[in-house]
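Student: My structure is in model.pdb, and what it holds is PDB, C-alpha atoms:
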ATOM      1  CA  MET A  10       5.447   1.860  14.206  1.00  0.00           C
ATOM      2  CA  LYS A  11       3.195   4.860  13.710  1.00  0.00           C
ATOM      3  CA  PHE A  12       0.187   5.471  11.492  1.00  0.00           C
ATOM      4  CA  LEU A  13       0.473   8.943   9.982  1.00  0.00           C
ATOM      5  CA  LEU A  14      -2.542  11.101   9.265  1.00  0.00           C
ATOM      6  CA  ASP A  15      -1.768  11.312   5.548  1.00  0.00           C
ATOM      7  CA  ASN A  16      -1.916   7.588   4.693  1.00  0.00           C
ATOM      8  CA  ALA A  17       1.762   6.834   5.318  1.00  0.00           C
ATOM      9  CA  LEU A  18       3.276   4.420   7.817  1.00  0.00           C
ATOM     10  CA  LEU A  19       6.409   5.279   9.785  1.00  0.00           C
ATOM     11  CA  ILE A  20       8.626   2.462  11.076  1.00  0.00           C
ATOM     12  CA  GLY A  21      11.728   3.881  12.690  1.00  0.00           C
ATOM     13  CA  LYS A  22      13.050   6.236  10.013  1.00  0.00           C
ATOM     14  CA  THR A  23      11.404   4.388   7.122  1.00  0.00           C
ATOM     15  CA  LEU A  24       8.185   5.575   5.471  1.00  0.00           C
ATOM     16  CA  ALA A  25       5.918   3.061   3.744  1.00  0.00           C
ATOM     17  CA  ILE A  26       3.487   4.379   1.131  1.00  0.00           C
ATOM     18  CA  ALA A  27       1.192   2.240  -1.015  1.00  0.00           C
ATOM     19  CA  ASP A  28      -0.760   2.716  -4.210  1.00  0.00           C
ATOM     20  CA  LEU A  29       0.447   6.031  -5.623  1.00  0.00           C
ATOM     21  CA  HIS A  30      -0.921   5.130  -9.076  1.00  0.00           C
ATOM     22  CA  LEU A  31       1.040   7.887 -10.776  1.00  0.00           C
ATOM     23  CA  GLY A  32      -0.532   8.470 -14.177  1.00  0.00           C
ATOM     24  CA  LEU A  33      -4.065   7.803 -12.976  1.00  0.00           C
ATOM     25  CA  GLU A  34      -5.252  10.918 -14.827  1.00  0.00           C
ATOM     26  CA  ARG A  35      -4.671   9.171 -18.163  1.00  0.00           C
ATOM     27  CA  SER A  36      -6.768   6.173 -17.156  1.00  0.00           C
ATOM     28  CA  LEU A  37      -9.605   8.379 -15.923  1.00  0.00           C
ATOM     29  CA  GLY A  38      -9.366  10.530 -19.052  1.00  0.00           C
ATOM     30  CA  GLU A  39      -9.940   7.474 -21.211  1.00  0.00           C
ATOM     31  CA  LYS A  40     -13.188   6.960 -19.276  1.00  0.00           C
ATOM     32  CA  GLY A  41     -14.277  10.546 -19.913  1.00  0.00           C
ATOM     33  CA  ILE A  42     -13.302  11.820 -16.455  1.00  0.00           C
ATOM     34  CA  SER A  43     -11.089  14.890 -16.585  1.00  0.00           C
ATOM     35  CA  ILE A  44      -9.008  15.808 -13.523  1.00  0.00           C
ATOM     36  CA  PRO A  45      -6.069  18.201 -13.104  1.00  0.00           C
ATOM     37  CA  PRO A  46      -2.496  16.847 -12.891  1.00  0.00           C
ATOM     38  CA  GLN A  47      -1.858  15.029  -9.604  1.00  0.00           C
ATOM     39  CA  THR A  48       1.857  14.145  -9.552  1.00  0.00           C
ATOM     40  CA  LYS A  49       3.039  17.452  -8.095  1.00  0.00           C
ATOM     41  CA  LYS A  50       0.290  17.321  -5.467  1.00  0.00           C
ATOM     42  CA  LEU A  51       1.357  13.825  -4.416  1.00  0.00           C
ATOM     43  CA  GLU A  52       4.977  14.972  -4.405  1.00  0.00           C
ATOM     44  CA  ALA A  53       4.101  17.875  -2.099  1.00  0.00           C
ATOM     45  CA  ARG A  54       2.236  15.583   0.321  1.00  0.00           C
ATOM     46  CA  ILE A  55       5.192  13.215   0.546  1.00  0.00           C
ATOM     47  CA  GLU A  56       7.641  16.085   0.900  1.00  0.00           C
ATOM     48  CA  LYS A  57       5.666  17.389   3.874  1.00  0.00           C
ATOM     49  CA  ILE A  58       5.666  13.962   5.555  1.00  0.00           C
ATOM     50  CA  VAL A  59       9.410  13.512   4.975  1.00  0.00           C
ATOM     51  CA  ARG A  60      10.106  16.951   6.433  1.00  0.00           C
ATOM     52  CA  GLU A  61       7.952  16.382   9.526  1.00  0.00           C
ATOM     53  CA  THR A  62       9.171  12.853  10.265  1.00  0.00           C
ATOM     54  CA  LYS A  63      12.826  13.341   9.231  1.00  0.00           C
ATOM     55  CA  ALA A  64      12.578   9.990   7.452  1.00  0.00           C
ATOM     56  CA  LYS A  65      15.747   8.566   5.926  1.00  0.00           C
ATOM     57  CA  LYS A  66      14.164   5.974   3.627  1.00  0.00           C
ATOM     58  CA  ILE A  67      10.924   5.498   1.757  1.00  0.00           C
ATOM     59  CA  VAL A  68       9.431   2.216   0.535  1.00  0.00           C
ATOM     60  CA  PHE A  69       6.727   2.399  -2.116  1.00  0.00           C
ATOM     61  CA  VAL A  70       4.673  -0.730  -1.500  1.00  0.00           C
ATOM     62  CA  GLY A  71       3.406  -1.434  -4.995  1.00  0.00           C
ATOM     63  CA  ASP A  72       1.260   0.132  -7.702  1.00  0.00           C
ATOM     64  CA  PHE A  73       3.690   3.012  -7.982  1.00  0.00           C
ATOM     65  CA  LYS A  74       2.285   3.725 -11.441  1.00  0.00           C
ATOM     66  CA  ASP A  75      -1.205   3.212 -12.844  1.00  0.00           C
ATOM     67  CA  LYS A  76      -0.932   1.630 -16.296  1.00  0.00           C
ATOM     68  CA  VAL A  77      -1.004  -2.137 -15.867  1.00  0.00           C
ATOM     69  CA  MET A  78       0.681  -3.170 -19.103  1.00  0.00           C
ATOM     70  CA  GLY A  79       3.407  -0.992 -20.522  1.00  0.00           C
ATOM     71  CA  ILE A  80       4.173   2.630 -19.721  1.00  0.00           C
ATOM     72  CA  SER A  81       2.106   5.657 -20.679  1.00  0.00           C
ATOM     73  CA  LEU A  82       3.716   8.818 -22.039  1.00  0.00           C
ATOM     74  CA  GLN A  83       2.737  10.630 -18.852  1.00  0.00           C
ATOM     75  CA  GLU A  84       4.404   7.980 -16.687  1.00  0.00           C
ATOM     76  CA  ARG A  85       7.525   8.006 -18.859  1.00  0.00           C
ATOM     77  CA  ARG A  86       7.766  11.773 -18.492  1.00  0.00           C
ATOM     78  CA  GLU A  87       6.832  12.288 -14.838  1.00  0.00           C
ATOM     79  CA  ILE A  88       8.041   9.227 -12.913  1.00  0.00           C
ATOM     80  CA  PRO A  89      11.811   9.684 -13.442  1.00  0.00           C
ATOM     81  CA  GLU A  90      11.581  13.341 -12.355  1.00  0.00           C
ATOM     82  CA  PHE A  91       9.472  12.429  -9.334  1.00  0.00           C
ATOM     83  CA  LEU A  92      11.963   9.803  -8.186  1.00  0.00           C
ATOM     84  CA  LYS A  93      15.047  11.942  -8.855  1.00  0.00           C
ATOM     85  CA  TYR A  94      13.549  14.671  -6.681  1.00  0.00           C
ATOM     86  CA  PHE A  95      13.243  12.368  -3.651  1.00  0.00           C
ATOM     87  CA  GLN A  96      16.436  10.465  -4.428  1.00  0.00           C
ATOM     88  CA  LYS A  97      18.371  13.596  -3.481  1.00  0.00           C
ATOM     89  CA  LYS A  98      16.854  13.485   0.009  1.00  0.00           C
ATOM     90  CA  LEU A  99      16.560   9.825   1.061  1.00  0.00           C
ATOM     91  CA  LYS A 100      16.970   6.185   0.075  1.00  0.00           C
ATOM     92  CA  ILE A 101      14.191   4.734  -2.067  1.00  0.00           C
ATOM     93  CA  ALA A 102      12.965   1.172  -2.570  1.00  0.00           C
ATOM     94  CA  ILE A 103      10.009   0.064  -4.693  1.00  0.00           C
ATOM     95  CA  VAL A 104       8.078  -3.195  -4.482  1.00  0.00           C
ATOM     96  CA  LYS A 105       6.364  -3.980  -7.768  1.00  0.00           C
ATOM     97  CA  GLY A 106       2.587  -4.220  -7.713  1.00  0.00           C
ATOM     98  CA  ASN A 107       0.179  -5.519 -10.325  1.00  0.00           C
ATOM     99  CA  HIS A 108       0.180  -2.096 -12.051  1.00  0.00           C
ATOM    100  CA  ASP A 109       3.971  -1.820 -12.266  1.00  0.00           C
ATOM    101  CA  GLY A 110       4.764  -3.628 -15.493  1.00  0.00           C
ATOM    102  CA  ASN A 111       8.050  -2.438 -17.064  1.00  0.00           C
ATOM    103  CA  LEU A 112       8.580   0.083 -14.264  1.00  0.00           C
ATOM    104  CA  GLU A 113      12.260  -0.868 -14.070  1.00  0.00           C
ATOM    105  CA  PHE A 114      12.854   0.698 -17.505  1.00  0.00           C
ATOM    106  CA  ILE A 115      12.111   4.240 -16.308  1.00  0.00           C
ATOM    107  CA  VAL A 116      13.412   4.175 -12.725  1.00  0.00           C
ATOM    108  CA  PRO A 117      16.683   6.095 -12.216  1.00  0.00           C
ATOM    109  CA  ASN A 118      19.868   4.244 -11.283  1.00  0.00           C
ATOM    110  CA  GLY A 119      20.417   3.732  -7.581  1.00  0.00           C
ATOM    111  CA  ILE A 120      16.802   2.914  -6.727  1.00  0.00           C
ATOM    112  CA  LYS A 121      16.207  -0.681  -5.680  1.00  0.00           C
ATOM    113  CA  ILE A 122      13.243  -2.454  -7.249  1.00  0.00           C
ATOM    114  CA  TYR A 123      11.930  -5.677  -5.697  1.00  0.00           C
ATOM    115  CA  GLY A 124       9.620  -8.227  -7.261  1.00  0.00           C
ATOM    116  CA  SER A 125       6.023  -8.752  -6.245  1.00  0.00           C
ATOM    117  CA  GLU A 126       7.052 -11.200  -3.489  1.00  0.00           C
ATOM    118  CA  GLY A 127       8.559  -8.251  -1.604  1.00  0.00           C
ATOM    119  CA  PHE A 128      11.558  -8.057   0.710  1.00  0.00           C
ATOM    120  CA  ARG A 129      12.541  -7.953   4.366  1.00  0.00           C
ATOM    121  CA  ASP A 130      14.314  -5.095   6.122  1.00  0.00           C
ATOM    122  CA  GLY A 131      15.143  -6.203   9.659  1.00  0.00           C
ATOM    123  CA  LYS A 132      11.951  -7.050  11.544  1.00  0.00           C
ATOM    124  CA  THR A 133       9.638  -5.696   8.809  1.00  0.00           C
ATOM    125  CA  GLY A 134       8.674  -7.134   5.451  1.00  0.00           C
ATOM    126  CA  PHE A 135       7.219  -5.129   2.590  1.00  0.00           C
ATOM    127  CA  ALA A 136       5.044  -6.564  -0.186  1.00  0.00           C
ATOM    128  CA  HIS A 137       2.212  -5.280  -2.344  1.00  0.00           C
ATOM    129  CA  GLY A 138      -0.192  -8.055  -1.386  1.00  0.00           C
ATOM    130  CA  HIS A 139      -1.359  -9.450  -4.730  1.00  0.00           C
ATOM    131  CA  ALA A 140       1.229 -12.256  -4.746  1.00  0.00           C
ATOM    132  CA  TRP A 141       2.678 -14.738  -2.264  1.00  0.00           C
ATOM    133  CA  LEU A 142       5.296 -13.406   0.128  1.00  0.00           C
ATOM    134  CA  SER A 143       8.974 -14.250  -0.164  1.00  0.00           C
ATOM    135  CA  LYS A 144      10.234 -16.839   2.311  1.00  0.00           C
ATOM    136  CA  ASP A 145      12.551 -14.200   3.758  1.00  0.00           C
ATOM    137  CA  ILE A 146       9.573 -12.080   4.823  1.00  0.00           C
ATOM    138  CA  LEU A 147       8.362 -15.016   6.919  1.00  0.00           C
ATOM    139  CA  LYS A 148      11.339 -14.337   9.203  1.00  0.00           C
ATOM    140  CA  ALA A 149      10.087 -10.819   9.962  1.00  0.00           C
ATOM    141  CA  GLU A 150       7.751  -9.844  12.799  1.00  0.00           C
ATOM    142  CA  ARG A 151       5.348  -7.884  10.607  1.00  0.00           C
ATOM    143  CA  VAL A 152       4.607  -7.330   6.941  1.00  0.00           C
ATOM    144  CA  VAL A 153       3.353  -4.097   5.391  1.00  0.00           C
ATOM    145  CA  LEU A 154       0.907  -4.565   2.510  1.00  0.00           C
ATOM    146  CA  GLY A 155      -0.981  -2.398   0.033  1.00  0.00           C
ATOM    147  CA  ASP A 156      -3.199  -3.329  -2.937  1.00  0.00           C
ATOM    148  CA  LEU A 157      -6.522  -3.589  -1.083  1.00  0.00           C
ATOM    149  CA  HIS A 158      -7.324   0.158  -0.828  1.00  0.00           C
ATOM    150  CA  PRO A 159      -9.205  -0.638   2.411  1.00  0.00           C
ATOM    151  CA  ALA A 160     -12.188   1.400   3.544  1.00  0.00           C
ATOM    152  CA  VAL A 161     -15.372   1.108   5.570  1.00  0.00           C
ATOM    153  CA  GLU A 162     -18.850   2.187   4.568  1.00  0.00           C
ATOM    154  CA  PHE A 163     -21.143   4.112   6.899  1.00  0.00           C
ATOM    155  CA  VAL A 164     -24.852   3.992   6.050  1.00  0.00           C
ATOM    156  CA  SER A 165     -27.637   5.939   7.735  1.00  0.00           C
ATOM    157  CA  GLY A 166     -30.983   5.968   6.008  1.00  0.00           C
ATOM    158  CA  ARG A 167     -30.296   7.102   2.456  1.00  0.00           C
ATOM    159  CA  SER A 168     -26.944   8.606   3.371  1.00  0.00           C
ATOM    160  CA  ARG A 169     -23.747   6.751   2.616  1.00  0.00           C
ATOM    161  CA  ALA A 170     -20.112   7.625   3.259  1.00  0.00           C
ATOM    162  CA  VAL A 171     -16.914   5.683   2.566  1.00  0.00           C
ATOM    163  CA  GLU A 172     -13.821   6.317   4.691  1.00  0.00           C
ATOM    164  CA  GLN A 173     -10.316   4.954   4.164  1.00  0.00           C
ATOM    165  CA  ILE A 174      -8.900   2.775   6.928  1.00  0.00           C
ATOM    166  CA  TRP A 175      -5.830   0.961   8.192  1.00  0.00           C
ATOM    167  CA  ILE A 176      -6.051  -2.742   9.015  1.00  0.00           C
ATOM    168  CA  ARG A 177      -3.762  -4.414  11.554  1.00  0.00           C
ATOM    169  CA  CYS A 178      -4.395  -8.136  11.759  1.00  0.00           C
ATOM    170  CA  PRO A 179      -2.864 -11.439  12.875  1.00  0.00           C
ATOM    171  CA  VAL A 180      -1.203 -13.808  10.417  1.00  0.00           C
ATOM    172  CA  ASN A 181      -2.230 -17.452  10.108  1.00  0.00           C
ATOM    173  CA  ARG A 182       1.215 -18.863  10.812  1.00  0.00           C
ATOM    174  CA  GLN A 183       0.100 -22.500  10.628  1.00  0.00           C
ATOM    175  CA  PHE A 184      -1.198 -21.970   7.089  1.00  0.00           C
ATOM    176  CA  LEU A 185       2.066 -20.335   5.997  1.00  0.00           C
ATOM    177  CA  GLU A 186       4.202 -23.039   7.605  1.00  0.00           C
ATOM    178  CA  LYS A 187       2.219 -25.727   5.835  1.00  0.00           C
ATOM    179  CA  LYS A 188       2.464 -23.958   2.475  1.00  0.00           C
ATOM    180  CA  PHE A 189       6.137 -22.956   2.610  1.00  0.00           C
ATOM    181  CA  LYS A 190       7.354 -25.837   4.800  1.00  0.00           C
ATOM    182  CA  VAL A 191       9.501 -23.508   6.931  1.00  0.00           C
ATOM    183  CA  LYS A 192       9.228 -22.095  10.426  1.00  0.00           C
ATOM    184  CA  VAL A 193       7.298 -18.811  10.326  1.00  0.00           C
ATOM    185  CA  ASN A 194       8.063 -15.951  12.688  1.00  0.00           C
ATOM    186  CA  LEU A 195       5.632 -13.511  11.070  1.00  0.00           C
ATOM    187  CA  LYS A 196       2.995 -12.358  13.553  1.00  0.00           C
ATOM    188  CA  GLU A 197       0.986  -9.538  12.006  1.00  0.00           C
ATOM    189  CA  ALA A 198       0.212  -7.589   8.866  1.00  0.00           C
ATOM    190  CA  VAL A 199      -0.558  -3.920   8.390  1.00  0.00           C
ATOM    191  CA  ILE A 200      -2.610  -3.055   5.305  1.00  0.00           C
ATOM    192  CA  VAL A 201      -1.970   0.532   4.285  1.00  0.00           C
ATOM    193  CA  PRO A 202      -4.678   2.765   2.754  1.00  0.00           C
ATOM    194  CA  ALA A 203      -4.101   3.983  -0.786  1.00  0.00           C
ATOM    195  CA  PHE A 204      -2.012   7.165  -0.773  1.00  0.00           C
ATOM    196  CA  ASN A 205      -3.685   8.416  -3.945  1.00  0.00           C
ATOM    197  CA  ARG A 206      -7.230   9.024  -2.741  1.00  0.00           C
ATOM    198  CA  LEU A 207      -8.590   9.208  -6.297  1.00  0.00           C
ATOM    199  CA  THR A 208      -8.041   5.492  -6.883  1.00  0.00           C
ATOM    200  CA  GLY A 209     -11.247   4.407  -5.178  1.00  0.00           C
ATOM    201  CA  SER A 210     -11.597   2.172  -2.132  1.00  0.00           C
ATOM    202  CA  ALA A 211     -12.884  -1.262  -1.157  1.00  0.00           C
ATOM    203  CA  PRO A 212     -15.386  -1.097   1.743  1.00  0.00           C
ATOM    204  CA  ILE A 213     -14.552  -4.234   3.675  1.00  0.00           C
ATOM    205  CA  ASN A 214     -17.781  -4.196   5.688  1.00  0.00           C
ATOM    206  CA  ARG A 215     -20.032  -4.060   2.625  1.00  0.00           C
ATOM    207  CA  LYS A 216     -22.200  -7.118   2.137  1.00  0.00           C
ATOM    208  CA  GLY A 217     -20.573  -9.605  -0.181  1.00  0.00           C
ATOM    209  CA  PHE A 218     -17.024  -8.316   0.293  1.00  0.00           C
ATOM    210  CA  LYS A 219     -14.398 -11.027  -0.040  1.00  0.00           C
ATOM    211  CA  MET A 220     -10.669 -10.654   0.443  1.00  0.00           C
ATOM    212  CA  ASN A 221      -9.278 -12.452  -2.593  1.00  0.00           C
ATOM    213  CA  GLY A 222      -5.780 -13.589  -3.476  1.00  0.00           C
ATOM    214  CA  PRO A 223      -3.044 -14.792  -1.119  1.00  0.00           C
ATOM    215  CA  ILE A 224      -3.865 -12.286   1.622  1.00  0.00           C
ATOM    216  CA  GLY A 225      -7.327 -13.766   1.884  1.00  0.00           C
ATOM    217  CA  LYS A 226      -5.703 -17.080   2.743  1.00  0.00           C
ATOM    218  CA  PHE A 227      -2.908 -16.203   5.184  1.00  0.00           C
ATOM    219  CA  LEU A 228      -4.397 -13.219   7.044  1.00  0.00           C
ATOM    220  CA  ASP A 229      -6.777 -13.678   9.961  1.00  0.00           C
ATOM    221  CA  TRP A 230      -8.330 -10.429   8.803  1.00  0.00           C
ATOM    222  CA  LYS A 231     -11.726 -10.817  10.500  1.00  0.00           C
ATOM    223  CA  ASN A 232      -9.891 -10.603  13.829  1.00  0.00           C
ATOM    224  CA  GLY A 233      -7.972  -7.563  12.674  1.00  0.00           C
ATOM    225  CA  ASP A 234      -8.275  -4.122  14.222  1.00  0.00           C
ATOM    226  CA  ILE A 235      -9.473  -1.378  11.907  1.00  0.00           C
ATOM    227  CA  PHE A 236      -8.562   2.283  12.284  1.00  0.00           C
ATOM    228  CA  LEU A 237      -9.712   5.424  10.534  1.00  0.00           C
ATOM    229  CA  THR A 238      -6.903   7.427   8.972  1.00  0.00           C
ATOM    230  CA  ASP A 239      -6.979   9.825  11.952  1.00  0.00           C
ATOM    231  CA  GLY A 240      -6.078   6.881  14.212  1.00  0.00           C
ATOM    232  CA  THR A 241      -9.563   6.250  15.630  1.00  0.00           C
ATOM    233  CA  LEU A 242      -9.962   2.566  16.507  1.00  0.00           C
ATOM    234  CA  LEU A 243     -13.264   1.211  15.184  1.00  0.00           C
ATOM    235  CA  GLY A 244     -12.780  -2.258  16.651  1.00  0.00           C
ATOM    236  CA  LYS A 245     -12.504  -5.737  15.177  1.00  0.00           C
ATOM    237  CA  LEU A 246     -13.632  -6.185  11.614  1.00  0.00           C
ATOM    238  CA  LYS A 247     -15.874  -9.140  12.520  1.00  0.00           C
ATOM    239  CA  GLU A 248     -17.744  -6.879  14.962  1.00  0.00           C
ATOM    240  CA  PHE A 249     -18.051  -3.868  12.686  1.00  0.00           C
ATOM    241  CA  LYS A 250     -21.268  -3.333  10.775  1.00  0.00           C
ATOM    242  CA  ASN A 251     -22.286  -0.405   8.596  1.00  0.00           C
TER     243      ASN A 251
END
So that I can check it, write out the structure of this file as structure tokens.
Tutor:
Amino acid sequence: MKFLLDNALLIGKTLAIADLHLGLERSLGEKGISIPPQTKKLEARIEKIVRETKAKKIVFVGDFKDKVMGISLQERREIPEFLKYFQKKLKIAIVKGNHDGNLEFIVPNGIKIYGSEGFRDGKTGFAHGHAWLSKDILKAERVVLGDLHPAVEFVSGRSRAVEQIWIRCPVNRQFLEKKFKVKVNLKEAVIVPAFNRLTGSAPINRKGFKMNGPIGKFLDWKNGDIFLTDGTLLGKLKEFKN
């Protein structure tokens, strides 16, 4: 398993990318924020990673598109072309996130779409993170998650900077075994930073931060290691202060 410098995770020959939020420009435009088209830029970034890693498969770990309910005209126009472009080069799987309503209606044939509970591929599970994991993922050694858009905040005087991060943390196996009433093999989780950097981030060391949803219950995230996107280890989350 290797953290890549451009917010992608490489496991063997499989790339995991979270939180593309294709169509984000429409959402920002409705708020009065105008930005240039981003889909081709995201496509070029992924193309570069695929070329350098020689990946054979890519898993989009949720929030592939941005519109929560329904499909925008931009998404309907751009997403099929985006996927067809990469479908010529490698296998594609998509785990549905909380922004991926009706995504299955515009995805080309031959691309596997999994529900929000995710799926297991060998020793690795993939899920977005906003819903409970499938029981099959509990048989894996690790699970790759998105959704959180993790970051840390650095504060010095009046200066403030937010940097995206990776989180690698233990799993509370006893909690999962009690909830699912099965033996759990799962040992760790890797939370991937948002690939689309315009989506905003959640500084996990900011006062008052709380990890909500299922991941807040089954991850021992305070004992997790946090890394900057260049691979620099910052230490344990419980020890990190801004």
Student: Report the residues retrieved by the PyMOL selection byres ((chain A and resi 176) around 9) from the displayed file, expressed as a PDB file with C-alpha atoms, keeping the file's coordinate frame.
Tutor:
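So the final result, stored in selection.pdb, reads:
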ATOM      1  CA  PRO A 159      -9.205  -0.638   2.411  1.00  0.00           C
ATOM      2  CA  ILE A 174      -8.900   2.775   6.928  1.00  0.00           C
ATOM      3  CA  TRP A 175      -5.830   0.961   8.192  1.00  0.00           C
ATOM      4  CA  ARG A 177      -3.762  -4.414  11.554  1.00  0.00           C
ATOM      5  CA  CYS A 178      -4.395  -8.136  11.759  1.00  0.00           C
ATOM      6  CA  ALA A 198       0.212  -7.589   8.866  1.00  0.00           C
ATOM      7  CA  VAL A 199      -0.558  -3.920   8.390  1.00  0.00           C
ATOM      8  CA  ILE A 200      -2.610  -3.055   5.305  1.00  0.00           C
ATOM      9  CA  VAL A 201      -1.970   0.532   4.285  1.00  0.00           C
ATOM     10  CA  PRO A 202      -4.678   2.765   2.754  1.00  0.00           C
ATOM     11  CA  TRP A 230      -8.330 -10.429   8.803  1.00  0.00           C
ATOM     12  CA  GLY A 233      -7.972  -7.563  12.674  1.00  0.00           C
ATOM     13  CA  ASP A 234      -8.275  -4.122  14.222  1.00  0.00           C
ATOM     14  CA  ILE A 235      -9.473  -1.378  11.907  1.00  0.00           C
ATOM     15  CA  PHE A 236      -8.562   2.283  12.284  1.00  0.00           C
ATOM     16  CA  LEU A 246     -13.632  -6.185  11.614  1.00  0.00           C
TER      17      LEU A 246
END
Student: Between A:Ile122, A:Leu243, A:Ile58, A:Leu82, which one has atoms that come closest to Glu34 (chain A), using all atoms listed in the file?
Tutor: A:Leu82
Student: Ranking A:Phe73, A:Phe12, A:Phe227, A:Phe128 by minimum distance to Lys196 (chain A) and counting all atoms listed in the file, which one comes first?
Tutor: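 Selected residue with least distance to Lys196 (chain A): A:Phe227.
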Student: Could you state the separation of CA of Ile20 (chain A) and CA of Ile213 (chain A) in Å, given to one decimal place?
Tutor: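 Spanning CA of Ile20 (chain A) to CA of Ile213 (chain A) is a straight-line distance of 25.2 Å.
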Student: Return the single residue from A:Arg54, A:Ser210, A:Asp28, A:Thr23 that is closest to Gly131 (chain A), with distances computed using only C-alpha atoms.
Tutor: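 That would be A:Thr23, the residue with the smallest distance to Gly131 (chain A).
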Student: Show which residues sit within 10 Å of Lys98 (chain A), as an MDAnalysis selection string. Count all atoms listed in the file, and ignore same-chain residues fewer than 5 positions away.
Tutor: chainID A and resid 56 59:60 64:66 93
Student: A:Leu147, A:Leu33, A:Ile26, A:Leu92: which is nearest Val104 (chain A), counting all atoms listed in the file?
Tutor: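 Closest candidate: A:Ile26.
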Student: Could you tell me, as a PyMOL selection string, exactly which residues end up selected when the PyMOL selection byres ((chain A and resi 158) around 12) is applied to this structure?
Tutor: chain A and resi 16+26-30+71-72+137-139+154-157+159-161+171-176+200-213+220
